[in-house]
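Participant: Contents of structure29.cif (mmCIF, C-alpha atoms) are given next:
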data_entry
#
loop_
_atom_site.label_atom_id
_atom_site.label_comp_id
_atom_site.auth_asym_id
_atom_site.auth_seq_id
_atom_site.Cartn_x
_atom_site.Cartn_y
_atom_site.Cartn_z
CA MET A 1 -8.02 -14.05 21.39
CA ASP A 2 -7.29 -17.35 19.61
CA ILE A 3 -7.52 -16.62 15.90
CA LYS A 4 -7.51 -20.25 14.79
CA PRO A 5 -11.34 -20.44 14.87
CA ILE A 6 -11.44 -17.28 12.79
CA PHE A 7 -9.22 -18.78 10.10
CA SER A 8 -11.30 -21.95 10.22
CA ALA A 9 -14.52 -19.98 9.70
CA LEU A 10 -12.99 -17.97 6.86
CA GLY A 11 -11.82 -21.18 5.24
CA ARG A 12 -15.44 -22.31 4.97
CA HIS A 13 -16.32 -19.07 3.18
CA ARG A 14 -13.34 -18.72 0.83
CA ILE A 15 -15.17 -17.04 -2.06
CA ALA A 16 -16.85 -14.38 0.10
CA ALA A 17 -13.61 -13.71 1.97
CA ALA A 18 -11.63 -13.47 -1.28
CA LEU A 19 -14.14 -11.03 -2.76
CA ILE A 20 -13.99 -8.67 0.20
CA VAL A 21 -10.17 -8.85 0.21
CA LEU A 22 -10.10 -7.93 -3.49
CA GLU A 23 -12.56 -5.10 -2.90
CA ILE A 24 -10.38 -3.69 -0.11
CA ALA A 25 -7.26 -4.11 -2.26
CA LEU A 26 -8.82 -2.20 -5.15
CA ALA A 27 -9.99 0.52 -2.76
CA CYS A 28 -6.49 0.80 -1.28
CA ALA A 29 -4.87 1.11 -4.72
CA VAL A 30 -7.35 3.74 -5.87
CA LEU A 31 -7.19 5.68 -2.60
CA CYS A 32 -3.40 5.93 -2.47
CA ASN A 33 -3.10 7.16 -6.06
CA ALA A 34 -6.14 9.45 -5.78
CA PHE A 35 -4.80 11.06 -2.59
CA PHE A 36 -1.46 11.54 -4.36
CA LEU A 37 -3.05 13.14 -7.43
CA ILE A 38 -5.20 15.42 -5.28
CA GLY A 39 -2.15 16.47 -3.28
CA ASN A 40 -0.26 17.28 -6.49
CA ARG A 41 -3.14 19.34 -7.90
CA LEU A 42 -3.61 21.28 -4.66
CA GLU A 43 0.11 22.01 -4.44
CA LEU A 44 0.16 23.21 -8.05
CA MET A 45 -2.90 25.42 -7.55
CA ARG A 46 -1.15 27.11 -4.63
CA ILE A 47 1.88 28.00 -6.77
CA ASN A 48 3.37 31.42 -6.11
CA SER A 49 3.25 33.27 -9.42
CA GLY A 50 5.77 35.86 -8.22
CA VAL A 51 3.33 38.67 -9.05
CA GLU A 52 0.86 40.65 -6.95
CA GLU A 53 -1.99 39.27 -9.03
CA ASN A 54 -4.66 41.60 -7.65
CA SER A 55 -2.61 44.60 -8.74
CA VAL A 56 -1.64 43.57 -12.27
CA GLY A 57 -3.60 43.20 -15.51
CA THR A 58 -2.57 42.22 -19.01
CA LEU A 59 -3.81 43.10 -22.49
CA MET A 60 -3.03 41.03 -25.58
CA LEU A 61 -3.52 42.15 -29.19
CA GLY A 62 -3.62 40.05 -32.33
CA GLY A 63 -4.29 40.47 -36.02
CA CYS A 64 -2.15 43.56 -36.51
CA ASP A 65 -0.06 42.50 -39.51
CA GLY A 66 2.42 45.12 -40.69
CA CYS A 67 2.10 47.21 -37.55
CA ASN A 68 5.24 49.04 -36.51
CA ASN A 69 6.30 48.16 -32.95
CA ALA A 70 7.32 51.67 -32.00
CA ASP A 71 4.15 53.27 -33.42
CA LEU A 72 1.74 50.68 -32.00
CA ASN A 73 3.37 50.73 -28.56
CA ALA A 74 3.36 54.53 -28.49
CA ARG A 75 -0.36 54.62 -29.16
CA VAL A 76 -1.32 51.76 -26.81
CA LEU A 77 0.97 52.66 -23.91
CA GLY A 78 0.04 56.34 -24.24
CA ALA A 79 -3.64 55.40 -23.95
CA LEU A 80 -3.00 53.09 -20.97
CA ARG A 81 -0.87 55.58 -19.06
CA ALA A 82 -3.52 58.27 -19.56
CA ILE A 83 -6.09 56.22 -17.62
CA PRO A 84 -6.51 57.53 -14.05
CA GLY A 85 -5.20 54.96 -11.58
CA VAL A 86 -2.61 53.31 -13.85
CA GLN A 87 0.67 53.28 -11.93
CA ALA A 88 2.86 51.69 -14.64
CA ALA A 89 2.42 50.04 -18.05
CA GLY A 90 4.90 48.31 -20.35
CA THR A 91 5.39 45.64 -23.02
CA ALA A 92 5.64 41.91 -22.29
CA ASN A 93 5.53 38.79 -24.43
CA SER A 94 3.37 37.03 -21.81
CA VAL A 95 2.65 36.66 -18.08
CA PRO A 96 2.07 33.75 -15.67
CA PHE A 97 -1.17 31.92 -16.65
CA GLY A 98 -1.15 33.87 -19.93
CA PRO A 99 -0.54 32.63 -23.49
CA ARG A 100 2.34 30.24 -24.03
CA ALA A 101 5.05 32.38 -25.59
CA GLY A 102 8.74 31.59 -25.17
CA TYR A 103 9.90 28.03 -24.42
CA MET A 104 13.40 27.00 -25.46
CA GLY A 105 15.77 24.20 -24.54
CA VAL A 106 19.10 25.33 -23.09
CA SER A 107 22.53 23.86 -22.44
CA LEU A 108 25.12 24.83 -19.87
CA ASP A 109 27.99 24.76 -22.33
CA ARG A 110 28.53 26.40 -25.70
CA GLU A 111 28.85 23.03 -27.45
CA GLY A 112 25.39 21.92 -26.29
CA LYS A 113 26.58 18.79 -24.48
CA GLN A 114 25.26 19.59 -21.00
CA TRP A 115 21.47 19.74 -21.19
CA GLY A 116 19.72 22.18 -18.88
CA GLY A 117 16.06 21.57 -19.68
CA VAL A 118 13.24 23.44 -21.41
CA LEU A 119 12.86 26.92 -19.90
CA HIS A 120 10.34 29.70 -20.40
CA PHE A 121 11.75 33.04 -21.55
CA TYR A 122 9.86 36.19 -20.58
CA MET A 123 10.80 39.38 -22.40
CA PHE A 124 9.93 42.60 -20.56
CA ASP A 125 10.82 46.22 -21.05
CA ALA A 126 11.74 48.40 -18.07
CA ALA A 127 8.16 49.65 -17.56
CA ALA A 128 6.79 46.08 -17.57
CA ILE A 129 9.27 45.04 -14.88
CA GLN A 130 8.08 48.01 -12.83
CA ALA A 131 4.42 47.12 -13.43
CA LEU A 132 5.03 43.51 -12.36
CA GLY A 133 6.83 44.69 -9.21
CA MET A 134 9.86 42.53 -9.97
CA ARG A 135 13.16 42.93 -8.14
CA PRO A 136 16.02 40.50 -7.62
CA VAL A 137 16.74 39.01 -4.19
CA GLN A 138 20.28 38.28 -5.36
CA GLY A 139 22.39 40.19 -7.85
CA ASN A 140 21.72 43.50 -9.56
CA THR A 141 18.84 45.27 -11.20
CA PHE A 142 19.02 45.82 -14.96
CA ASN A 143 20.63 49.02 -16.13
CA ALA A 144 19.61 51.01 -19.21
CA GLY A 145 22.19 49.32 -21.44
CA ASP A 146 20.80 45.84 -20.64
CA PHE A 147 17.57 46.47 -22.57
CA GLN A 148 18.31 45.30 -26.11
CA PRO A 149 16.51 44.76 -29.40
CA ILE A 150 15.27 41.29 -30.33
CA GLU A 151 17.15 39.42 -33.05
CA THR A 152 14.81 36.83 -34.65
CA PHE A 153 13.30 35.38 -31.48
CA ILE A 154 15.39 36.75 -28.60
CA PRO A 155 18.45 38.97 -28.01
CA SER A 156 21.65 37.26 -29.10
CA ASP A 157 23.60 38.09 -25.94
CA ALA A 158 21.70 39.16 -22.85
CA PRO A 159 21.99 39.50 -19.08
CA VAL A 160 19.04 37.74 -17.45
CA TRP A 161 17.31 37.07 -14.16
CA ILE A 162 16.28 33.54 -13.27
CA THR A 163 14.15 32.10 -10.49
CA ARG A 164 15.59 30.49 -7.39
CA ALA A 165 14.04 27.15 -8.41
CA LEU A 166 15.76 27.30 -11.79
CA ALA A 167 19.08 28.24 -10.18
CA ASP A 168 18.82 25.21 -7.87
CA HIS A 169 18.08 23.02 -10.89
CA LEU A 170 20.89 24.26 -13.11
CA TRP A 171 23.60 24.80 -10.48
CA PRO A 172 22.61 23.01 -7.24
CA GLY A 173 24.54 24.23 -4.22
CA GLU A 174 26.29 26.98 -6.20
CA SER A 175 25.73 30.69 -6.62
CA PRO A 176 24.10 31.27 -10.03
CA LEU A 177 25.39 34.83 -10.36
CA GLY A 178 27.72 35.13 -13.32
CA LYS A 179 26.80 31.66 -14.63
CA GLU A 180 26.16 31.25 -18.35
CA PHE A 181 23.91 29.11 -20.54
CA TRP A 182 23.13 28.89 -24.23
CA SER A 183 20.21 28.31 -26.56
CA GLY A 184 21.63 29.59 -29.81
CA SER A 185 21.84 32.89 -27.96
CA HIS A 186 24.13 33.47 -25.00
CA PHE A 187 22.79 34.37 -21.54
CA ARG A 188 24.53 35.49 -18.36
CA VAL A 189 22.80 35.41 -14.98
CA THR A 190 22.93 38.77 -13.21
CA GLY A 191 20.06 38.36 -10.78
CA VAL A 192 17.78 35.87 -9.02
CA VAL A 193 14.10 36.35 -8.16
CA ASP A 194 12.32 34.28 -5.53
CA ASN A 195 9.40 33.16 -7.70
CA PHE A 196 8.08 33.68 -11.20
CA ALA A 197 5.85 30.97 -12.65
CA VAL A 198 5.91 29.89 -16.28
CA THR A 199 2.85 30.61 -18.40
CA ASP A 200 1.48 27.07 -18.02
CA PRO A 201 2.75 25.61 -14.72
CA GLY A 202 2.36 21.85 -14.55
CA ARG A 203 1.53 21.51 -18.25
CA SER A 204 4.83 22.36 -19.91
CA GLU A 205 7.42 19.91 -21.19
CA GLU A 206 9.01 19.77 -17.73
CA GLY A 207 5.72 19.24 -15.88
CA ALA A 208 5.24 20.36 -12.28
CA ALA A 209 9.00 20.23 -11.66
CA GLY A 210 9.53 23.07 -14.15
CA ALA A 211 6.65 25.26 -12.98
CA GLN A 212 9.11 27.98 -11.86
CA TRP A 213 11.78 27.54 -14.54
CA SER A 214 11.51 31.10 -15.84
CA VAL A 215 14.10 33.38 -17.42
CA ILE A 216 13.51 37.15 -17.50
CA VAL A 217 15.14 38.85 -20.47
CA PRO A 218 15.27 42.68 -20.64
CA VAL A 219 14.33 44.12 -24.05
CA ARG A 220 13.78 47.60 -25.44
CA ASP A 221 10.27 49.04 -25.42
CA ASP A 222 10.17 48.91 -29.24
CA ALA A 223 11.53 45.36 -29.49
CA GLN A 224 8.07 43.76 -29.39
CA SER A 225 4.42 44.73 -29.48
CA GLY A 226 1.01 43.22 -28.90
CA GLY A 227 1.44 42.28 -25.25
CA TYR A 228 1.10 44.75 -22.38
CA VAL A 229 0.96 44.73 -18.59
CA LEU A 230 -0.28 47.46 -16.28
CA ARG A 231 -0.37 48.04 -12.56
CA ALA A 232 -3.05 49.69 -10.43
CA ASP A 233 -4.37 49.66 -6.89
CA PRO A 234 -6.12 46.31 -6.23
CA LEU A 235 -9.40 48.02 -5.33
CA ASP A 236 -9.26 50.09 -8.51
CA LEU A 237 -7.95 47.46 -10.92
CA PRO A 238 -11.34 46.13 -12.17
CA ARG A 239 -12.35 49.65 -13.24
CA VAL A 240 -8.92 50.31 -14.73
CA MET A 241 -9.03 47.08 -16.77
CA GLN A 242 -12.44 47.90 -18.18
CA ALA A 243 -11.23 51.38 -19.15
CA ALA A 244 -8.00 49.89 -20.56
CA ARG A 245 -9.84 47.55 -22.93
CA GLN A 246 -11.89 50.44 -24.26
CA ALA A 247 -8.83 52.71 -24.54
CA VAL A 248 -6.77 50.11 -26.44
CA ALA A 249 -9.64 49.44 -28.86
CA ARG A 250 -9.75 53.17 -29.66
CA ALA A 251 -5.96 53.60 -29.82
CA ALA A 252 -5.36 50.59 -32.11
CA PRO A 253 -8.58 49.93 -34.06
CA GLU A 254 -6.68 47.90 -36.68
CA ALA A 255 -5.66 45.33 -34.05
CA VAL A 256 -7.88 42.67 -32.49
CA LEU A 257 -8.04 42.68 -28.69
CA ASP A 258 -7.90 39.15 -27.22
CA GLN A 259 -10.72 39.39 -24.69
CA GLN A 260 -9.88 36.04 -23.08
CA GLN A 261 -6.26 36.99 -22.35
CA SER A 262 -6.89 40.67 -21.57
CA ARG A 263 -7.73 40.28 -17.90
CA MET A 264 -6.46 40.72 -14.37
CA LEU A 265 -3.87 38.10 -13.44
CA SER A 266 -6.11 36.87 -10.65
CA GLU A 267 -8.76 36.09 -13.28
CA LEU A 268 -6.20 34.36 -15.49
CA ARG A 269 -5.19 32.16 -12.53
CA GLU A 270 -8.83 31.33 -11.76
CA ARG A 271 -9.48 30.29 -15.35
CA TYR A 272 -6.19 28.42 -15.74
CA PHE A 273 -6.84 26.14 -12.76
CA HIS A 274 -10.51 25.54 -13.54
CA SER A 275 -9.84 22.06 -14.94
CA ASP A 276 -7.55 21.22 -12.00
CA ARG A 277 -10.29 22.10 -9.53
CA ALA A 278 -12.78 20.01 -11.50
CA MET A 279 -10.38 17.05 -11.50
CA THR A 280 -9.81 17.44 -7.76
CA TRP A 281 -13.53 17.33 -7.02
CA LEU A 282 -13.91 14.36 -9.37
CA LEU A 283 -11.20 12.48 -7.47
CA VAL A 284 -12.86 13.39 -4.17
CA ALA A 285 -16.11 11.93 -5.52
CA VAL A 286 -14.26 8.77 -6.63
CA ILE A 287 -12.72 8.40 -3.17
CA ALA A 288 -16.07 8.91 -1.44
CA SER A 289 -17.78 6.42 -3.76
CA MET A 290 -15.04 3.85 -3.30
CA LEU A 291 -15.16 4.18 0.49
CA LEU A 292 -18.95 3.91 0.49
CA VAL A 293 -18.94 0.79 -1.70
CA THR A 294 -16.22 -0.80 0.43
CA ALA A 295 -18.06 0.00 3.66
CA LEU A 296 -21.31 -1.40 2.29
CA GLY A 297 -19.49 -4.55 1.20
CA ILE A 298 -18.04 -5.05 4.67
CA VAL A 299 -21.39 -4.37 6.35
CA GLY A 300 -23.21 -6.72 3.98
CA LEU A 301 -20.73 -9.56 4.41
CA ALA A 302 -20.58 -9.17 8.20
CA SER A 303 -24.39 -9.08 8.43
CA PHE A 304 -24.63 -12.21 6.29
CA TRP A 305 -22.13 -14.04 8.48
CA VAL A 306 -23.97 -12.98 11.64
CA GLN A 307 -27.16 -14.45 10.21
CA GLN A 308 -25.38 -17.64 9.17
CA ARG A 309 -23.71 -18.06 12.57
CA THR A 310 -26.63 -17.23 14.81
CA LYS A 311 -26.67 -20.70 16.36
CA GLN A 312 -22.89 -20.75 16.93
CA ILE A 313 -23.04 -17.31 18.51
CA GLY A 314 -25.83 -18.49 20.80
CA ILE A 315 -23.82 -21.52 21.87
CA ARG A 316 -20.83 -19.35 22.68
CA ARG A 317 -23.05 -16.97 24.66
CA ALA A 318 -24.55 -19.94 26.56
CA LEU A 319 -21.04 -21.17 27.37
CA GLY A 320 -20.18 -17.84 28.93
CA ALA A 321 -18.84 -15.67 26.09
CA THR A 322 -19.42 -11.99 26.85
CA ARG A 323 -20.81 -9.45 24.42
CA ARG A 324 -17.41 -7.85 24.25
CA GLN A 325 -15.83 -11.15 23.20
CA ILE A 326 -18.41 -11.63 20.44
CA THR A 327 -17.81 -8.10 19.20
CA SER A 328 -14.04 -8.59 19.31
CA TYR A 329 -14.38 -11.79 17.28
CA PHE A 330 -16.00 -9.99 14.34
CA GLN A 331 -13.64 -7.02 14.62
CA THR A 332 -10.61 -9.33 14.56
CA GLU A 333 -12.03 -11.24 11.61
CA ASN A 334 -12.52 -7.97 9.74
CA LEU A 335 -9.03 -6.80 10.71
CA LEU A 336 -7.48 -9.92 9.16
CA LEU A 337 -9.45 -9.49 5.92
CA THR A 338 -8.64 -5.78 5.75
CA ALA A 339 -4.94 -6.38 6.40
CA ALA A 340 -4.78 -8.94 3.60
CA GLY A 341 -6.56 -6.53 1.27
CA ILE A 342 -4.24 -3.68 2.20
CA VAL A 343 -1.09 -5.70 1.49
CA LEU A 344 -2.43 -6.63 -1.93
CA GLY A 345 -3.70 -3.06 -2.43
CA MET A 346 -0.27 -1.55 -1.79
CA LEU A 347 1.18 -3.72 -4.55
CA LEU A 348 -1.64 -2.61 -6.86
CA ALA A 349 -1.11 1.04 -5.86
CA TYR A 350 2.55 0.83 -6.78
CA GLY A 351 1.75 -0.87 -10.09
CA GLY A 352 -0.96 1.69 -10.84
CA ASN A 353 1.47 4.51 -10.16
CA GLN A 354 3.94 2.99 -12.62
CA VAL A 355 1.21 3.03 -15.29
CA LEU A 356 0.38 6.69 -14.50
CA MET A 357 4.08 7.57 -14.66
CA HIS A 358 4.43 5.90 -18.05
CA TYR A 359 1.33 7.27 -19.76
CA PHE A 360 0.56 10.54 -17.94
CA GLU A 361 4.01 11.65 -16.66
CA VAL A 362 2.83 11.58 -13.05
CA ALA A 363 5.56 11.70 -10.39
CA ARG A 364 6.49 8.61 -8.39
CA LEU A 365 4.08 7.81 -5.56
CA PRO A 366 5.75 8.83 -2.25
CA LEU A 367 5.82 6.04 0.34
CA PRO A 368 3.94 8.05 3.06
CA TYR A 369 0.77 7.82 0.97
CA LEU A 370 0.70 4.03 1.39
CA PRO A 371 0.36 3.90 5.20
CA PHE A 372 -2.07 6.83 5.01
CA GLY A 373 -4.34 4.84 2.70
CA ALA A 374 -3.86 1.71 4.83
CA LEU A 375 -4.87 3.55 7.99
CA ALA A 376 -7.96 5.01 6.30
CA LEU A 377 -9.13 1.55 5.23
CA LEU A 378 -8.38 -0.03 8.61
CA LEU A 379 -10.50 2.59 10.35
CA LEU A 380 -13.21 2.23 7.72
CA GLY A 381 -13.26 -1.56 8.15
CA GLN A 382 -13.55 -1.36 11.91
CA ALA A 383 -16.27 1.28 11.73
CA ALA A 384 -18.25 -0.68 9.13
CA VAL A 385 -18.20 -3.96 11.05
CA ILE A 386 -19.15 -2.53 14.43
CA GLY A 387 -22.88 -2.47 13.63
CA PRO A 388 -23.20 -6.16 12.64
CA ALA A 389 -20.84 -7.11 15.50
CA LEU A 390 -23.04 -5.34 18.07
CA ARG A 391 -26.14 -6.99 16.64
CA ALA A 392 -24.44 -10.36 16.98
CA ALA A 393 -23.42 -9.61 20.57
CA ALA A 394 -27.00 -8.59 21.42
CA ILE A 395 -28.53 -11.95 20.46
CA PRO A 396 -29.95 -13.58 23.64
CA PRO A 397 -28.49 -17.10 24.19
CA ILE A 398 -31.87 -18.78 24.51
CA VAL A 399 -33.17 -17.29 21.24
CA ALA A 400 -29.96 -18.15 19.42
CA THR A 401 -29.95 -21.79 20.53
CA ARG A 402 -33.52 -22.26 19.27
CA SER A 403 -32.66 -20.86 15.83
CA ALA A 404 -32.49 -23.33 12.98
#
Could you quickly redo this structure as C-alpha cells?
Facilitator:
Amino acid sequence: MDIKPIFSALGRHRIAAALIVLEIALACAVLCNAFFLIGNRLELMRINSGVEENSVGTLMLGGCDGCNNADLNARVLGALRAIPGVQAAGTANSVPFGPRAGYMGVSLDREGKQWGGVLHFYMFDAAAIQALGMRPVQGNTFNAGDFQPIETFIPSDAPVWITRALADHLWPGESPLGKEFWSGSHFRVTGVVDNFAVTDPGRSEEGAAGAQWSVIVPVRDDAQSGGYVLRADPLDLPRVMQAARQAVARAAPEAVLDQQQSRMLSELRERYFHSDRAMTWLLVAVIASMLLVTALGIVGLASFWVQQRTKQIGIRRALGATRRQITSYFQTENLLLTAAGIVLGMLLAYGGNQVLMHYFEVARLPLPYLPFGALALLLLGQAAVIGPALRAAAIPPIVATRSA
C-alpha cells in the first residue's frame, strides 16, 4: 500500500494526530514502568524465607525491664516445651518478616577500607536453630563451643553462617568458607545456607538486592531474652500458637506479649506483604485504565475520521477499492500513529525510570520491558481501530457518493 496518501491525510489533521501520538506515548511510558514495578513486587513476594513457615511460630515479649535473661528464658521456654505438639523452642532476636533487629555495616578488612554492605545479623541459640530447621549446605554445623555470650550488641569474635546470596555478593566466584569480615566485632564464615531472608526484605538499606543478606550468629541460650521461636506440625501449629500465647502470659506475667509479632511465620509473611499486594493491584488498575483510555481515544479518532472521509471512501469504493483495502488503509494509518507514539513513549519510559531510580531507589528498567510494552500497544491499536475500519469498509459506494 502507498502510504503517501496516509501522510497527506494526517497532515491535514495535525492536532488530532499529535494528540493521539502523545496519548500512546504516555501509555507506553506508564505501561513499561508499571509492568516493571509489578514484576519486582511479585518477585519479592515470592522470596524464599529459608524457613518452613507453616511449621514455625514466634513469640516476642516487651516491657520486661530488669528481667534476668536466664530466669526469664527458663520460665518461658519451660512453658513452651511443656505444650503438647511443640517439637523445639529456643531464643532468637528476630525472624524473617519479624521485627527489625540487627542491621550493621561490615567491611572485608580489619581497617574498614573495603565496604561489604549493610547486613542483617540473626542471633539464635542451638534450640532456635533446631526449631527453624536450619542446616548448612556448605561447611560445618555449629559445635557447643561456638555458642557465646553477647558483648554489648553481638559476640566480639564469632563463627557464623551466611546465605549463598551474601557469599556471592561479598566474594563472587570464591568459596566463602574461612573468609572473614568485620563490624567492630570479628566474624569467620564456617557455613553457608541456601536461603534466609532478612526481617524486612526489599525495605532495608540495601533494597531488594539485599533481601537475603543474612548472617546467623550462634549465641548462648542465656545471652538474650524476649524473642522465641517454636516448631510444631503444620496441622497442629495454630493450636500450639494459641496455647503458647496463653502459656507465656502465665509464665512471665511481668512482661508484655507483642500480639502482632507473636504469630506463625506464614501469618507474618501475609501481613508483611499486604501493602505490596495492594500496590500491585493498584498498578494493575492503572494499566487497565490507561489501556481503556487509549483504546477509546483510538476508537473515537478513527470513528471521527471515518465520518469526515465518508465521501472520499465512497469515491475509492466506486473506483474499485475493495473492503479489505479500505480496512487496511485505516489499520496502516493507526500503525503509523502508534509507532510514532511508541518511539516517544520509550524515551519517556526511560526518563520516568531515571526519576524512580533517583527518588524511590527503584532498579534500572530492563530493556525487555520496552518491546513488551510496545507490542501490547501495537496490538491494542490494531484491535481498537478494527471496528471503525470495518464500518468504513461497509459503506455502500452509492450512499457514500451522495453524502455531503
Participant: Which residue, A:Ile398, A:Leu301, A:Val293, A:Leu367, has the smallest gap to Gly314 (chain A) when you use all atoms listed in the file?
Facilitator: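 Between A:Ile398, A:Leu301, A:Val293, A:Leu367, the residue approaching Gly314 (chain A) most closely is A:Ile398.
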Participant: I need the residue nearest Ala211 (chain A) from this list: A:Arg12, A:Arg250, A:His186, A:His120. Use only C-alpha atoms for the distance.
Facilitator: A:His120
Participant: Go ahead and compute the interatomic distance for CA of Ala384 (chain A) and CA of Ile326 (chain A), in Å to one decimal.
Facilitator: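 Taking CA of Ala384 (chain A) and CA of Ile326 (chain A), their separation equals 15.7 Å.
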Participant: Just to confirm, what's the straight-line distance from CA of Thr58 (chain A) to CA of Val86 (chain A) in Å (one decimal)?
Facilitator: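 If I compute the distance from CA of Thr58 (chain A) to CA of Val86 (chain A), I get 12.2 Å.
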Participant: Going by the chain IDs and residue numbers used in this file, which residues fall under the PyMOL selection byres ((chain A and resi 150-164) around 8)? Write them as a ChimeraX atom specification.
Facilitator: /A:136,146,148-149,165-168,184-196,212-219,223-224
Participant: One decimal, in Å: what's the spacing between CA of Ala88 (chain A) and CA of Asn69 (chain A)?
Facilitator: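 Answer for the CA of Ala88 (chain A) to CA of Asn69 (chain A) separation: 19.0 Å.
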Participant: Have region 71-84 of chain A completed to N, CA, C and O atoms, please, and pass it along as a compact mmCIF listing (two decimals), in the frame of the given file.
Facilitator:
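Output saved as selection08.txt:
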# COMPACT_ATOMS: atom_id res chain seq x y z
N ASP A 71 5.39 52.50 -33.25
CA ASP A 71 4.15 53.27 -33.42
C ASP A 71 3.01 52.66 -32.61
O ASP A 71 2.29 53.37 -31.90
N LEU A 72 2.84 51.33 -32.72
CA LEU A 72 1.74 50.68 -32.00
C LEU A 72 1.92 50.83 -30.49
O LEU A 72 0.95 51.16 -29.78
N ASN A 73 3.13 50.60 -30.00
CA ASN A 73 3.37 50.73 -28.56
C ASN A 73 3.15 52.16 -28.08
O ASN A 73 2.62 52.37 -26.99
N ALA A 74 3.56 53.13 -28.88
CA ALA A 74 3.36 54.53 -28.49
C ALA A 74 1.89 54.84 -28.32
O ALA A 74 1.48 55.51 -27.35
N ARG A 75 1.08 54.35 -29.25
CA ARG A 75 -0.36 54.62 -29.16
C ARG A 75 -1.00 53.88 -27.99
O ARG A 75 -1.77 54.46 -27.20
N VAL A 76 -0.68 52.57 -27.86
CA VAL A 76 -1.32 51.76 -26.81
C VAL A 76 -0.85 52.18 -25.43
O VAL A 76 -1.66 52.41 -24.51
N LEU A 77 0.45 52.30 -25.24
CA LEU A 77 0.97 52.66 -23.91
C LEU A 77 0.57 54.08 -23.54
O LEU A 77 0.29 54.38 -22.36
N GLY A 78 0.51 54.98 -24.53
CA GLY A 78 0.04 56.34 -24.24
C GLY A 78 -1.39 56.33 -23.74
O GLY A 78 -1.73 57.04 -22.78
N ALA A 79 -2.24 55.50 -24.38
CA ALA A 79 -3.64 55.40 -23.95
C ALA A 79 -3.75 54.78 -22.56
O ALA A 79 -4.56 55.22 -21.73
N LEU A 80 -2.94 53.75 -22.28
CA LEU A 80 -3.00 53.09 -20.97
C LEU A 80 -2.52 54.02 -19.87
O LEU A 80 -3.15 54.11 -18.80
N ARG A 81 -1.43 54.71 -20.10
CA ARG A 81 -0.87 55.58 -19.06
C ARG A 81 -1.72 56.81 -18.81
O ARG A 81 -1.58 57.46 -17.76
N ALA A 82 -2.62 57.12 -19.74
CA ALA A 82 -3.52 58.27 -19.56
C ALA A 82 -4.72 57.92 -18.70
O ALA A 82 -5.46 58.82 -18.28
N ILE A 83 -4.93 56.64 -18.42
CA ILE A 83 -6.09 56.22 -17.62
C ILE A 83 -5.82 56.54 -16.15
O ILE A 83 -4.78 56.15 -15.60
N PRO A 84 -6.70 57.24 -15.48
CA PRO A 84 -6.51 57.53 -14.05
C PRO A 84 -6.39 56.24 -13.25
O PRO A 84 -7.19 55.30 -13.43
